[in-house]
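For reference, the structure discussed in these notes is given below.
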Number of protein chains: 2
Amino acid sequence: MSGARTRLAGAGRPAYDLDSLLAVSVRVFNERGYDGTSMEDLSARLGIGKSSIYHHVAGKAELLRLALDRALDALSAVATEPRAAHGPAVDRLEHLVRRSVEVLVAELPYVTLLLRVRGNTPVERRALERRRELDARLGTLVQAACDEGSLRPDLDPGLTSRLVFGTVNSLVEWYRPARGLSVTRLADAVVAMTLDGLRVPGDPPDAARYDVVREDPS
Amino acid sequence: MSGARTRLAGAGRPAYDLDSLLAVSVRVFNERGYDGTSMEDLSARLGIGKSSIYHHVAGKAELLRLALDRALDALSAVATEPRAAHGPAVDRLEHLVRRSVEVLVAELPYVTLLLRVRGNTPVERRALERRRELDARLGTLVQAACDEGSLRPDLDPGLTSRLVFGTVNSLVEWYRPARGLSVTRLADAVVAMTLDGLRVPGDPPDAARYDVVREDPS
DNA sequence: CTCCTAACCGAACGAACGGTCGGCCGGTTC
DNA sequence: GAACCGGCCGACCGTTCGTTCGGTTAGGAG
């Protein structure tokens, strides 16, 4: 499988280091779900005994923590890139969407795991909190682009933000790098749909367009 | 809680029927994940003993099966509605997206559970297969709308289909009916973003627009 | 050849799991 | 009041869970 392995491989000895062990484990977590994966499932897939896993990590929870931190660190890095701080908000938004797609693909298994966390354990709850912070930052940017007048005014910024990043996050459910669709083209398509729409423009420009739709108590 | 309960409620006796028991169970499944939910978790939340659950259903797996079938039946019904069969493909597509959003909201807990299934058990694999059939039908419709010339030609139909219904499916991650955003407005917003785009049109109509982007091996 | 250490192993642990069993209890029916 | 039944219960079953522990083995260093 996918493993960088340390020196003493030689014959058939796997000899995992932490990174390769984590990579295999996360792959299994994504296939069967974290709770649905037993340490024996992992050991079978790793090709080593169940107890050997504890030579590398303290337990199942730490495996999860390492994976989630990796995803969160990568996503956080995007939000703090300099290009996300200057220029028109709508351009910064487009850049952020594009970079988010790239990171999501680069760290696909880890981000996939992150997006499925439900908060059952302290480790998961801490990850959810970090995720909420990121989402809040994205929301602010969409708000700014809306205030700026660059986004259609008939949609609530909070709603817009959720739709856009819901779309981005949904990529983990089907995108597989091996299938020949490059990341750049994928990001182009996401930006094209969310920002410019799928329908060919023209014809009846729809009289009712841009009637204001906002969240309100019904 | 949410439960319709049978006649003999009277004092403090819960007295569940199958529907109300399923409703509560699915809610817990969604909070903790199916694999992360024990029968004791359910019994605690239901307010009855663990063994009492087996008076209503054969086991945990049947609980899951009932919930998934409910979601799948509702979604299948949409795909076979008469309005999804006549008229321009792009109009049928818009209608299908709108109805999908409505059903997703109407059966939110059940659809949520369906979208998180990983295929660990036979019950889950059967559900995944039914889902794939639905997805295939959607893909055909997008293809038709594309052939018709109603969708921008620079995006691959398969890719478009995944993006649109990825967006729709991602609603389960955040939409809560109680928050005052009506289903109609939600569906309007989804159609508005996916089909017409978020950005205000005009200004530099982007010379490079509509360069063909298709999947190909790299 | 000897020693050291990183990586692995099988056996076993207590806890928690999904599920079974025999019985209780309060309404309804006759 | 006796018989019945749907809904519930506590105790318990065998299995599987995550984890621990006392070795073993292979390769590098001296």
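Quick note on naming: the chains in the structure tokens go A, B, ... in the order shown, residues restart at 1 in each chain, and ligands are numbered from 1 in order of appearance.
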
message: Would you pick out the contacts of region 1-9 of chain D at 7 Å or less, using only C-alpha atoms (C1' of nucleotides), so that residues sharing its chain but fewer than 4 positions from it are not included, and give the list as a PyMOL selection string?
response: chain B and resi 15+49+52

task: Using only C-alpha atoms, select each residue of chain B with any atom at most 6 Å away from an atom of chain A, and give the selection as JSON, numbers by chain.
output: {"B": [35, 36, 150, 151, 152, 166, 167, 170, 180, 181, 193, 194, 195, 196, 197, 198, 199, 200, 215, 216, 217, 218]}

Residue contacts of DT16 (chain D) (10 Å, only C-alpha atoms (C1' of nucleotides)) excluding same-chain residues fewer than 6 positions away, as a ChimeraX atom specification: /A:38 /C:16-17

message: Need the shell around Arg137 (chain B): protein/DNA/RNA residues with any atom at most 12 Å away, counting only C-alpha atoms (C1' of nucleotides). Skip same-chain ones fewer than 3 positions apart. Format as a VMD selection string?
response: chain B and resid 75 to 76 78 to 80 84 to 85 93 96 130 to 134 140 to 144 158 161 165

Using 12 Å as the limit and counting only C-alpha atoms (C1' of nucleotides), can you tabulate each residue of chain D that touches chain A, with its shortest atom-to-atom distance in Å and the two atoms involved, as CSV?
residue,atom,partner,partner_atom,distance
D:DT16,C1',A:Ser38,CA,9.3
D:DC17,C1',A:Ser38,CA,7.4
D:DG18,C1',A:Met39,CA,7.2
D:DT19,C1',A:Gly59,CA,7.9
D:DT20,C1',A:Ser51,CA,8.7
D:DC21,C1',A:Ser51,CA,10.0
D:DT25,C1',A:Arg13,CA,11.5
D:DA26,C1',A:Leu8,CA,8.9
D:DG27,C1',A:Leu8,CA,7.5
D:DG28,C1',A:Leu8,CA,10.5

Might you pull out every residue within 9 Å of region 65-70 of chain A, with only C-alpha atoms (C1' of nucleotides) counted and same-chain residues fewer than 6 positions away left off, and present them as a CSV table (one decimal) with N, CA and C atoms, in the first residue's frame?
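Listing of result.csv after writing:
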chain,number,residue,atom,x,y,z
A,22,LEU,N,-0.2,6.1,10.3
A,22,LEU,CA,-1.3,7.0,10.3
A,22,LEU,C,-2.1,7.0,9.0
A,23,ALA,N,-1.3,7.0,7.9
A,23,ALA,CA,-2.0,7.1,6.6
A,23,ALA,C,-2.9,5.9,6.3
A,26,VAL,N,-6.0,6.0,8.7
A,26,VAL,CA,-7.0,7.0,8.4
A,26,VAL,C,-7.8,6.5,7.2
A,107,GLU,N,-5.0,17.0,1.3
A,107,GLU,CA,-5.1,16.2,2.5
A,107,GLU,C,-6.4,15.5,2.6
A,109,PRO,N,-7.8,12.4,2.7
A,109,PRO,CA,-8.3,11.5,3.8
A,109,PRO,C,-8.4,12.1,5.1
A,110,TYR,N,-7.5,13.1,5.5
A,110,TYR,CA,-7.6,13.7,6.8
A,110,TYR,C,-8.8,14.6,6.9
A,111,VAL,N,-9.0,15.4,5.8
A,111,VAL,CA,-10.1,16.3,5.8
A,111,VAL,C,-11.4,15.6,5.8
A,113,LEU,N,-12.0,12.7,7.2
A,113,LEU,CA,-12.2,12.3,8.5
A,113,LEU,C,-12.8,13.4,9.4
A,114,LEU,N,-12.2,14.6,9.2
A,114,LEU,CA,-12.6,15.8,10.0
A,114,LEU,C,-14.0,16.1,9.8
A,123,VAL,N,-11.6,14.5,22.2
A,123,VAL,CA,-10.8,14.8,21.0
A,123,VAL,C,-11.6,15.3,19.9
A,124,GLU,N,-12.8,14.7,19.7
A,124,GLU,CA,-13.7,15.1,18.6
A,124,GLU,C,-14.2,16.5,18.9
A,127,ALA,N,-11.8,19.2,18.0
A,127,ALA,CA,-11.7,19.4,16.6
A,127,ALA,C,-12.9,20.2,16.1

Please tabulate, as a tab-separated table, the residues of chain C that come within 9 Å of chain B, each with its closest pair of atoms and the distance in Å to one decimal, counting only C-alpha atoms (C1' of nucleotides) and ordering rows by chain, then residue number upward.
residue	atom	partner	partner_atom	distance
C:DC17	C1'	B:Ser38	CA	7.4
C:DG18	C1'	B:Met39	CA	7.3
C:DG19	C1'	B:Gly59	CA	7.8
C:DT20	C1'	B:Ser51	CA	8.7
C:DG27	C1'	B:Leu8	CA	8.4

Keeping only C-alpha atoms (C1' of nucleotides), take the residues you just selected and write them out as a PDB file, in the first residue's frame.
ATOM      1  C1'  DC C  17     -21.413  -4.554  23.305  1.00  0.00           C
ATOM      2  C1'  DG C  18     -25.940  -6.534  20.985  1.00  0.00           C
ATOM      3  C1'  DG C  19     -29.162  -9.668  22.173  1.00  0.00           C
ATOM      4  C1'  DT C  20     -32.158 -13.258  25.088  1.00  0.00           C
ATOM      5  C1'  DG C  27     -56.008  -2.165  30.668  1.00  0.00           C
TER       6       DG C  27
END

- request: Could you please write out, as an NGL selection string, every residue of region 57-178 of chain B that DSSP assigns to helix (DSSP H, G or I)?
  value: :B and (60-79 or 82-84 or 89-106 or 108-115 or 122-147 or 157-173 or 177-178)

query: Taking into account only C-alpha atoms (C1' of nucleotides), which residue in the set C:DC8, C:DG22, C:DG14, C:DC1 is nearest to DA11 (chain D)?
result: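 Under the stated criterion, the closest residue is C:DG22.
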